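Undergrad: Mind looking over this structure? Questions follow.
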Amino acid sequence: MGTRLRLATVLAAVTTLAALLTSAATANPAPEAPPAVPAAAALRALPAPRTAVLDGTRLRQTRARLDRGDHRLREAVRALTVRADNWLDQGPWTVVDKPRPAPSGDAHDYLSQAPYWWPSRPPTAENPWGCPYVQRDGERNPEVDTGTDRQDLEKVFDSTYDLALAWYYTGERQYAQKAAGIVRTWFLDPATRMNPHLNHAQFIPCKYDGRAIGVIDFSQSYTAVVDAIAILEAGAPAWTGADRAGMRRWNSDFLAWLEHSDFGAQEAAAANNHGTFYDLLLAGLAYATGDRDLARRTVRDAAARRIGPQIAADGSQPLELARTRSWHYSTFDLVAYTRLAAIGEHVGVNLWAYQGPDGQSLFKAVRYLLPAATGRTAWPHPELEFHRFAASDVVHAAADAGDKVARKAVPLLEEPPGGDLWALRPAAEQLDSIAG
């Protein structure tokens with residue numbers, strides 16, 4: 001066989017073998033690489049968030065325990081991610097898409113309606129609202145949830161908090177991206193942002209264009225958003241320097257309105273839970289914008305200004321017991337107190353240690369709730385809709401603060417809907433749905 005013929009034969013064989021190999025590779029492709037997962041090392045490298053209410057160092061320690069395989073924490077994270085996943089295909093929301101603007105005519109002004117005020121007459125063409133409106137305390141008028149910004153605002157608050165926490169504990173980018181988009185739409189984008197004031201919160205048709213008590217629309221939950229933003233600022237890939245600067249400006253402007261407006265002054269003077277929540281919002285905004293002195297003064301002054309007048313020697317809260325929803329409002333006020341005490345820990349004020357002239361204290365106020373919170377006895381005061389789990393977080397807070405009686409009660413608490421997330425976000429939330 002000549003040299004050329006042998007070479008041709010070899011080349012043909014090589015070509016045939018290559019074709020066979022290509023065919024086999026096509027028929028049996030190599031398995032795809034598994035989807036990228038967040039590196040544990042990257043999560044561990046994130047700093048402790050500079051949160052106002054939550055303890056950032058504790059969050060970081062909790063995530064480290066989770067990385068080491070803590071079974072209880074893994075169960076809690078599963079419950080948290082169920083909540084976060086539910087938000088992924090919702091929103092974002094904006095104040096500018098309500099059916100009609102606030103009385104100012106500016107669509108960027110936040111608008112909500114007083115929840116316990118009802119029309120006294122059937123609506124007519126001449127009287128479309130059914131005015132005059134009359135108060136029915138504790139009975140929520142369903143029309144307040146349509147036509148204003150209140151429902152969307154609550155979704156902004158809840159979703160941002162859940163999503164930011166889910167990102168912090170899982171490292172899943174989608175959670176941070178969604179949270180950032182929600183915050184930008186509501187607070188930052190010029191076309192959709194909310195103006196930083198509450199001049200038209202809890203208006204009453206045909207009566208008031210807005211009321212001071214509408215501040216509670218923000219004061220009851222906005223510190224959770226402050227903490228969510230602090231969590232994103234710990235290193236979320238979706239949160240930018242422009243976002244950080246924009247939210248700092250918004251919070252500074254809102255803080256100035258809260259301090260210097262007539263509505264802010266009226267709410268600061270409130271004797272019941274409205275006053276407590278005002279202090280919480282003021283201290284939280286002050287801490288978030290770098291005014292630690294104002295945050296410290298607010299928490300320190302709340303001791304004598306709020307605890308003595310609001311809490312009786314036996315731990316009851318007479319102003320809250322006078323309501324038709326006495327259980328709700330007793331736990332509600334303590335949500336504000338325990339969150340305010342958490343801010344105090346960051347600025348060197350121990351609100352839990354304070355005792356009033358008759359021995360009043362936050363520990364006593366929580367202990368007053370324990371018989372009903374643990375199911376040992378019925379709540380002996382008026383309550384239109386009793387939810388035992390509403391007290392769970394404030395009992396956790398007292399236990400964490402060192403109260404042995406509260407600590408013994410923790411295993412007897414009723415788990416809130418969606419699971420007990422205290423281990424992941426150890427700061428009291430309003431756990432029952434009523435608001436206002």
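Residue numbering restarts at 1 in every chain; chains get A, B, ... in the order shown in the structure tokens, and ligands count up from 1 in that same order.
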Quick one: residues within 9 Å of A:Val95, only C-alpha atoms, excluding same-chain residues fewer than 5 positions away - as an mmCIF file with N, CA, C and O atoms, in the first residue's frame?

TA:
data_model
loop_
_atom_site.group_PDB
_atom_site.id
_atom_site.type_symbol
_atom_site.label_atom_id
_atom_site.label_comp_id
_atom_site.auth_asym_id
_atom_site.auth_seq_id
_atom_site.Cartn_x
_atom_site.Cartn_y
_atom_site.Cartn_z
ATOM 1 N N PRO A 101 -57.213 61.894 44.298
ATOM 2 C CA PRO A 101 -56.096 62.361 45.124
ATOM 3 C C PRO A 101 -56.564 62.801 46.505
ATOM 4 O O PRO A 101 -57.769 62.874 46.789
ATOM 5 N N ALA A 107 -51.493 64.039 43.842
ATOM 6 C CA ALA A 107 -51.558 62.573 43.895
ATOM 7 C C ALA A 107 -50.418 61.976 44.706
ATOM 8 O O ALA A 107 -50.507 60.834 45.162
ATOM 9 N N HIS A 108 -49.338 62.727 44.892
ATOM 10 C CA HIS A 108 -48.188 62.229 45.650
ATOM 11 C C HIS A 108 -48.394 62.336 47.162
ATOM 12 O O HIS A 108 -47.569 61.842 47.928
ATOM 13 N N ASP A 109 -49.470 62.988 47.593
ATOM 14 C CA ASP A 109 -49.768 63.084 49.022
ATOM 15 C C ASP A 109 -50.473 61.815 49.483
ATOM 16 O O ASP A 109 -51.458 61.370 48.877
ATOM 17 N N TYR A 110 -49.982 61.256 50.561
ATOM 18 C CA TYR A 110 -50.587 60.056 51.146
ATOM 19 C C TYR A 110 -51.982 60.368 51.671
ATOM 20 O O TYR A 110 -52.234 61.419 52.264
ATOM 21 N N LEU A 111 -52.910 59.431 51.464
ATOM 22 C CA LEU A 111 -54.289 59.594 51.904
ATOM 23 C C LEU A 111 -54.765 58.319 52.579
ATOM 24 O O LEU A 111 -54.609 57.221 52.040
ATOM 25 N N THR A 148 -58.125 54.663 49.068
ATOM 26 C CA THR A 148 -57.046 55.418 49.706
ATOM 27 C C THR A 148 -55.754 54.600 49.618
ATOM 28 O O THR A 148 -55.708 53.540 48.995
ATOM 29 N N ASP A 149 -54.721 55.085 50.276
ATOM 30 C CA ASP A 149 -53.399 54.450 50.188
ATOM 31 C C ASP A 149 -53.106 53.484 51.331
ATOM 32 O O ASP A 149 -52.037 52.873 51.356
ATOM 33 N N ASP A 152 -52.263 49.693 50.529
ATOM 34 C CA ASP A 152 -50.998 49.583 49.801
ATOM 35 C C ASP A 152 -49.813 49.898 50.708
ATOM 36 O O ASP A 152 -48.754 49.270 50.608
ATOM 37 N N LEU A 153 -49.980 50.883 51.588
ATOM 38 C CA LEU A 153 -48.892 51.221 52.502
ATOM 39 C C LEU A 153 -48.539 50.034 53.385
ATOM 40 O O LEU A 153 -47.359 49.725 53.591
ATOM 41 N N TRP A 186 -42.165 53.476 46.024
ATOM 42 C CA TRP A 186 -42.985 54.211 46.981
ATOM 43 C C TRP A 186 -42.314 55.500 47.463
ATOM 44 O O TRP A 186 -42.977 56.521 47.656
ATOM 45 N N THR A 192 -43.504 58.403 41.055
ATOM 46 C CA THR A 192 -44.379 57.599 41.907
ATOM 47 C C THR A 192 -44.181 57.834 43.398
ATOM 48 O O THR A 192 -44.917 57.261 44.202
ATOM 49 N N ARG A 193 -43.226 58.638 43.789
ATOM 50 C CA ARG A 193 -42.855 58.757 45.216
ATOM 51 C C ARG A 193 -43.942 59.428 46.042
ATOM 52 O O ARG A 193 -44.739 60.225 45.535
ATOM 53 N N MET A 194 -43.937 59.093 47.311
ATOM 54 C CA MET A 194 -44.807 59.742 48.290
ATOM 55 C C MET A 194 -44.123 60.984 48.827
ATOM 56 O O MET A 194 -42.929 60.961 49.141
#

Undergrad: Write out as a PyMOL selection string the residues lying within 7 Å of A:Gly147, counting only C-alpha atoms and excluding same-chain residues fewer than 2 positions away.

TA: chain A and resi 98-99+145

Undergrad: With N, CA, C and O atoms kept, could you save the residues just selected as a PDB file, in the first residue's frame?

TA:
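Writing done, so here's again-v5.pdb:
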ATOM      1  N   LYS A  98     -54.195  55.898  43.352  1.00  0.00           N
ATOM      2  CA  LYS A  98     -55.502  55.831  44.021  1.00  0.00           C
ATOM      3  C   LYS A  98     -56.566  56.485  43.147  1.00  0.00           C
ATOM      4  O   LYS A  98     -56.253  57.329  42.295  1.00  0.00           O
ATOM      5  N   PRO A  99     -57.842  56.117  43.337  1.00  0.00           N
ATOM      6  CA  PRO A  99     -58.898  56.616  42.445  1.00  0.00           C
ATOM      7  C   PRO A  99     -59.028  58.124  42.427  1.00  0.00           C
ATOM      8  O   PRO A  99     -59.343  58.717  41.407  1.00  0.00           O
ATOM      9  N   ASP A 145     -60.559  50.679  53.236  1.00  0.00           N
ATOM     10  CA  ASP A 145     -59.563  49.844  52.560  1.00  0.00           C
ATOM     11  C   ASP A 145     -59.643  49.963  51.039  1.00  0.00           C
ATOM     12  O   ASP A 145     -58.942  49.254  50.320  1.00  0.00           O
TER      13      ASP A 145
END

Undergrad: When you draw a straight line from atom CA of A:Asp333 to atom CA of A:Asp393, how long is it in Å?

TA: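 For atom CA of A:Asp333 relative to atom CA of A:Asp393, the distance reads 12.2 Å.
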
Undergrad: Among stretch 17-248 of chain A, which ones does DSSP assign to alpha helix (DSSP H) (computed from the backbone)? Answer as a ChimeraX atom specification.

TA: /A:17-27,40-45,56-67,71-87,150-170,173-183,216-219,222-232,241-248

Undergrad: Give the strand (DSSP E) residues of stretch 57-227 of chain A, as DSSP finds them on the backbone, and put them as a PyMOL selection string.

TA: chain A and resi 117-119+133-135

Undergrad: Under the rule that only C-alpha atoms are counted, which of A:Val134, A:Ile343, A:Ala236, A:Ala164 is the nearest residue to A:Lys207?

TA: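 That would be A:Val134, the residue with the smallest distance to A:Lys207.
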
Undergrad: Just the residues within 12 Å of A:Pro237, please, counting only C-alpha atoms, with nothing from its chain fewer than 3 positions along; format it as a short mmCIF file (atom, residue, chain, number, x, y, z; two decimals) with all heavy atoms, in the first residue's frame.

TA:
data_model
loop_
_atom_site.label_atom_id
_atom_site.label_comp_id
_atom_site.auth_asym_id
_atom_site.auth_seq_id
_atom_site.Cartn_x
_atom_site.Cartn_y
_atom_site.Cartn_z
N ALA A 42 -19.60 34.24 51.47
CA ALA A 42 -20.04 35.59 51.12
C ALA A 42 -21.04 36.12 52.14
O ALA A 42 -21.00 37.28 52.54
CB ALA A 42 -20.65 35.61 49.73
N LEU A 43 -21.96 35.25 52.58
CA LEU A 43 -22.91 35.67 53.59
C LEU A 43 -22.22 35.98 54.91
O LEU A 43 -22.54 36.96 55.58
CB LEU A 43 -23.96 34.58 53.81
CG LEU A 43 -25.07 34.46 52.75
CD1 LEU A 43 -25.98 33.29 53.09
CD2 LEU A 43 -25.86 35.73 52.64
N LEU A 46 -20.74 39.48 55.30
CA LEU A 46 -21.57 40.66 55.43
C LEU A 46 -21.47 41.22 56.85
O LEU A 46 -21.46 40.47 57.82
CB LEU A 46 -23.02 40.32 55.12
CG LEU A 46 -23.35 39.95 53.67
CD1 LEU A 46 -24.82 39.57 53.57
CD2 LEU A 46 -23.03 41.09 52.73
N ALA A 164 -36.38 41.73 52.88
CA ALA A 164 -35.03 42.07 53.33
C ALA A 164 -34.49 41.00 54.27
O ALA A 164 -33.33 40.58 54.16
CB ALA A 164 -35.02 43.44 54.00
N TRP A 167 -33.62 37.88 52.29
CA TRP A 167 -32.32 38.00 51.61
C TRP A 167 -31.17 37.81 52.60
O TRP A 167 -30.20 37.10 52.32
CB TRP A 167 -32.17 39.38 50.95
CG TRP A 167 -30.74 39.62 50.56
CD1 TRP A 167 -30.08 39.07 49.50
CD2 TRP A 167 -29.78 40.39 51.28
NE1 TRP A 167 -28.76 39.46 49.51
CE2 TRP A 167 -28.55 40.27 50.59
CE3 TRP A 167 -29.84 41.18 52.42
CZ2 TRP A 167 -27.40 40.92 51.02
CZ3 TRP A 167 -28.69 41.82 52.86
CH2 TRP A 167 -27.49 41.69 52.15
N TYR A 168 -31.28 38.42 53.77
CA TYR A 168 -30.18 38.38 54.73
C TYR A 168 -29.88 36.95 55.19
O TYR A 168 -28.73 36.57 55.39
CB TYR A 168 -30.50 39.25 55.95
CG TYR A 168 -29.33 39.44 56.87
CD1 TYR A 168 -28.29 40.29 56.53
CD2 TYR A 168 -29.25 38.74 58.07
CE1 TYR A 168 -27.20 40.45 57.37
CE2 TYR A 168 -28.18 38.89 58.92
CZ TYR A 168 -27.15 39.75 58.57
OH TYR A 168 -26.06 39.90 59.40
N GLY A 171 -29.41 34.80 51.26
CA GLY A 171 -28.53 35.30 50.21
C GLY A 171 -29.15 35.30 48.82
O GLY A 171 -28.47 35.63 47.85
N GLU A 172 -30.44 34.94 48.72
CA GLU A 172 -31.09 34.88 47.41
C GLU A 172 -31.32 36.29 46.88
O GLU A 172 -32.08 37.08 47.46
CB GLU A 172 -32.41 34.13 47.52
CG GLU A 172 -32.27 32.65 47.83
CD GLU A 172 -31.69 31.87 46.67
OE1 GLU A 172 -31.71 32.39 45.54
OE2 GLU A 172 -31.22 30.74 46.90
N ARG A 173 -30.70 36.60 45.75
CA ARG A 173 -30.71 37.94 45.19
C ARG A 173 -32.12 38.45 44.89
O ARG A 173 -32.40 39.64 45.01
CB ARG A 173 -29.86 37.94 43.91
CG ARG A 173 -29.64 39.29 43.28
CD ARG A 173 -28.90 39.16 41.95
NE ARG A 173 -28.56 40.46 41.41
CZ ARG A 173 -27.38 41.05 41.56
NH1 ARG A 173 -26.43 40.45 42.24
NH2 ARG A 173 -27.16 42.25 41.03
N GLN A 174 -33.01 37.54 44.50
CA GLN A 174 -34.35 37.97 44.10
C GLN A 174 -35.08 38.70 45.23
O GLN A 174 -35.87 39.62 44.97
CB GLN A 174 -35.16 36.77 43.65
CG GLN A 174 -35.36 35.70 44.73
CD GLN A 174 -36.16 34.51 44.25
OE1 GLN A 174 -36.81 34.59 43.22
NE2 GLN A 174 -36.08 33.40 44.97
N TYR A 175 -34.82 38.31 46.47
CA TYR A 175 -35.50 38.95 47.58
C TYR A 175 -35.03 40.40 47.73
O TYR A 175 -35.84 41.31 47.94
CB TYR A 175 -35.25 38.18 48.88
CG TYR A 175 -35.82 36.78 48.88
CD1 TYR A 175 -35.06 35.71 49.33
CD2 TYR A 175 -37.11 36.52 48.43
CE1 TYR A 175 -35.57 34.42 49.34
CE2 TYR A 175 -37.64 35.24 48.43
CZ TYR A 175 -36.86 34.19 48.90
OH TYR A 175 -37.38 32.92 48.90
N ALA A 176 -33.73 40.61 47.64
CA ALA A 176 -33.20 41.98 47.75
C ALA A 176 -33.66 42.84 46.59
O ALA A 176 -34.00 44.01 46.77
CB ALA A 176 -31.67 41.94 47.82
N GLN A 177 -33.67 42.28 45.40
CA GLN A 177 -34.10 43.04 44.23
C GLN A 177 -35.55 43.49 44.37
O GLN A 177 -35.91 44.63 44.05
CB GLN A 177 -33.92 42.20 42.97
CG GLN A 177 -32.47 42.00 42.57
CD GLN A 177 -32.32 41.06 41.39
OE1 GLN A 177 -33.12 40.12 41.23
NE2 GLN A 177 -31.31 41.27 40.57
N LYS A 178 -36.40 42.58 44.83
CA LYS A 178 -37.81 42.92 44.99
C LYS A 178 -38.00 43.99 46.06
O LYS A 178 -38.76 44.96 45.87
CB LYS A 178 -38.61 41.67 45.34
CG LYS A 178 -40.12 41.90 45.37
CD LYS A 178 -40.67 42.21 44.00
CE LYS A 178 -42.18 42.35 44.01
NZ LYS A 178 -42.74 42.57 42.67
N ALA A 179 -37.32 43.82 47.20
CA ALA A 179 -37.43 44.81 48.27
C ALA A 179 -36.97 46.18 47.80
O ALA A 179 -37.62 47.20 48.06
CB ALA A 179 -36.61 44.36 49.48
N ALA A 180 -35.85 46.23 47.09
CA ALA A 180 -35.33 47.50 46.60
C ALA A 180 -36.31 48.17 45.64
O ALA A 180 -36.53 49.39 45.70
CB ALA A 180 -33.98 47.29 45.93
N ILE A 231 -30.80 46.62 56.66
CA ILE A 231 -30.37 45.27 56.27
C ILE A 231 -29.89 45.27 54.83
O ILE A 231 -28.84 44.70 54.51
CB ILE A 231 -31.53 44.27 56.47
CG1 ILE A 231 -31.78 44.06 57.98
CG2 ILE A 231 -31.22 42.93 55.81
CD1 ILE A 231 -33.05 43.29 58.29
N LEU A 232 -30.62 45.92 53.93
CA LEU A 232 -30.18 46.01 52.54
C LEU A 232 -28.84 46.73 52.43
O LEU A 232 -27.98 46.37 51.61
CB LEU A 232 -31.23 46.74 51.70
CG LEU A 232 -32.59 46.05 51.54
CD1 LEU A 232 -33.54 46.94 50.73
CD2 LEU A 232 -32.45 44.69 50.87
N GLU A 233 -28.64 47.73 53.26
CA GLU A 233 -27.39 48.50 53.22
C GLU A 233 -26.20 47.69 53.74
O GLU A 233 -25.06 48.12 53.57
CB GLU A 233 -27.56 49.79 54.02
CG GLU A 233 -28.47 50.79 53.32
CD GLU A 233 -28.65 52.08 54.10
OE1 GLU A 233 -28.18 52.15 55.26
OE2 GLU A 233 -29.26 53.02 53.56
N ALA A 234 -26.47 46.54 54.34
CA ALA A 234 -25.37 45.69 54.80
C ALA A 234 -24.66 44.99 53.66
O ALA A 234 -23.66 44.31 53.87
CB ALA A 234 -25.89 44.66 55.80
N THR A 240 -28.30 50.55 45.96
CA THR A 240 -27.21 51.38 45.46
C THR A 240 -26.92 52.55 46.40
O THR A 240 -27.69 52.86 47.31
CB THR A 240 -27.57 51.95 44.08
OG1 THR A 240 -28.64 52.89 44.23
CG2 THR A 240 -28.00 50.84 43.13
N GLY A 241 -25.81 53.22 46.12
CA GLY A 241 -25.48 54.43 46.86
C GLY A 241 -26.52 55.51 46.67
O GLY A 241 -26.83 56.27 47.61
N ASP A 243 -29.70 54.96 46.16
CA ASP A 243 -30.83 54.56 46.99
C ASP A 243 -30.60 54.96 48.44
O ASP A 243 -31.50 55.49 49.11
CB ASP A 243 -31.04 53.04 46.92
CG ASP A 243 -31.42 52.56 45.53
OD1 ASP A 243 -32.05 53.33 44.78
OD2 ASP A 243 -31.07 51.41 45.20
#

Undergrad: Find, counting only C-alpha atoms, the residue in A:Arg292, A:Lys404, A:His328, A:Lys155 that gets nearest to A:Ala84.

TA: A:Lys155

Undergrad: Can you pull out every residue within 8 Å of A:Ala391, counting only C-alpha atoms, but drop anything in the same chain fewer than 3 positions away, and send it as an mmCIF file with N, CA and C atoms, in the first residue's frame?

TA:
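That gives us around20.cif:
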data_model
loop_
_atom_site.group_PDB
_atom_site.id
_atom_site.type_symbol
_atom_site.label_atom_id
_atom_site.label_comp_id
_atom_site.auth_asym_id
_atom_site.auth_seq_id
_atom_site.Cartn_x
_atom_site.Cartn_y
_atom_site.Cartn_z
ATOM 1 N N THR A 331 -51.873 45.032 74.016
ATOM 2 C CA THR A 331 -50.689 44.434 73.386
ATOM 3 C C THR A 331 -50.057 45.402 72.395
ATOM 4 N N LEU A 369 -50.557 40.705 81.148
ATOM 5 C CA LEU A 369 -51.138 39.994 80.010
ATOM 6 C C LEU A 369 -50.957 38.481 80.083
ATOM 7 N N ALA A 373 -52.479 35.488 77.853
ATOM 8 C CA ALA A 373 -51.560 35.152 76.766
ATOM 9 C C ALA A 373 -51.197 33.672 76.769
ATOM 10 N N ARG A 388 -55.321 35.377 71.089
ATOM 11 C CA ARG A 388 -54.320 35.148 72.135
ATOM 12 C C ARG A 388 -52.905 35.404 71.624
ATOM 13 N N VAL A 394 -44.568 40.452 72.520
ATOM 14 C CA VAL A 394 -44.178 41.284 73.654
ATOM 15 C C VAL A 394 -43.743 40.420 74.836
ATOM 16 N N VAL A 395 -44.299 39.215 74.944
ATOM 17 C CA VAL A 395 -43.827 38.289 75.981
ATOM 18 C C VAL A 395 -42.406 37.839 75.655
ATOM 19 N N LEU A 431 -49.191 41.669 65.768
ATOM 20 C CA LEU A 431 -49.449 40.362 65.177
ATOM 21 C C LEU A 431 -50.905 40.162 64.761
#

Undergrad: At a cut-off of 10 Å, using only C-alpha atoms, what residues contact A:Gln317? Leave out same-chain residues fewer than 3 positions from it and give the result as a list in words.

TA: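 In the requested format, the answer is Asn272, Asn273, Ile307, Pro309, Gln310, Ile311, Ala312, Ala313, Asp314, Glu320, Leu321, Ala322, Ser326, Tyr329, Ser330, Thr331, Asp333, Leu334, Ala365 and Tyr368 of chain A.
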
Undergrad: Could you state the separation of atom CA of A:Gly348 and atom CA of A:Ala283 in Å, given to one decimal place?

TA: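 These atoms are spaced 13.0 Å apart.
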
Undergrad: With distances taken over only C-alpha atoms, which residue among A:Phe389, A:Phe277, A:Tyr208, A:Trp257 lies nearest A:Glu415?

TA: A:Phe389

Undergrad: Between atom CA of A:Thr51 and atom CA of A:Ala230, what is the spacing in Å?

TA: 5.4 Å

Undergrad: Neighbouring residues of A:Thr298 were defined as those with any atom within 10 Å, considering only C-alpha atoms; residues of the same chain fewer than 6 positions away were excluded. Please report them as a VMD selection string.

TA: chain A and resid 278 to 284 286 292 305 340 343 to 344 349
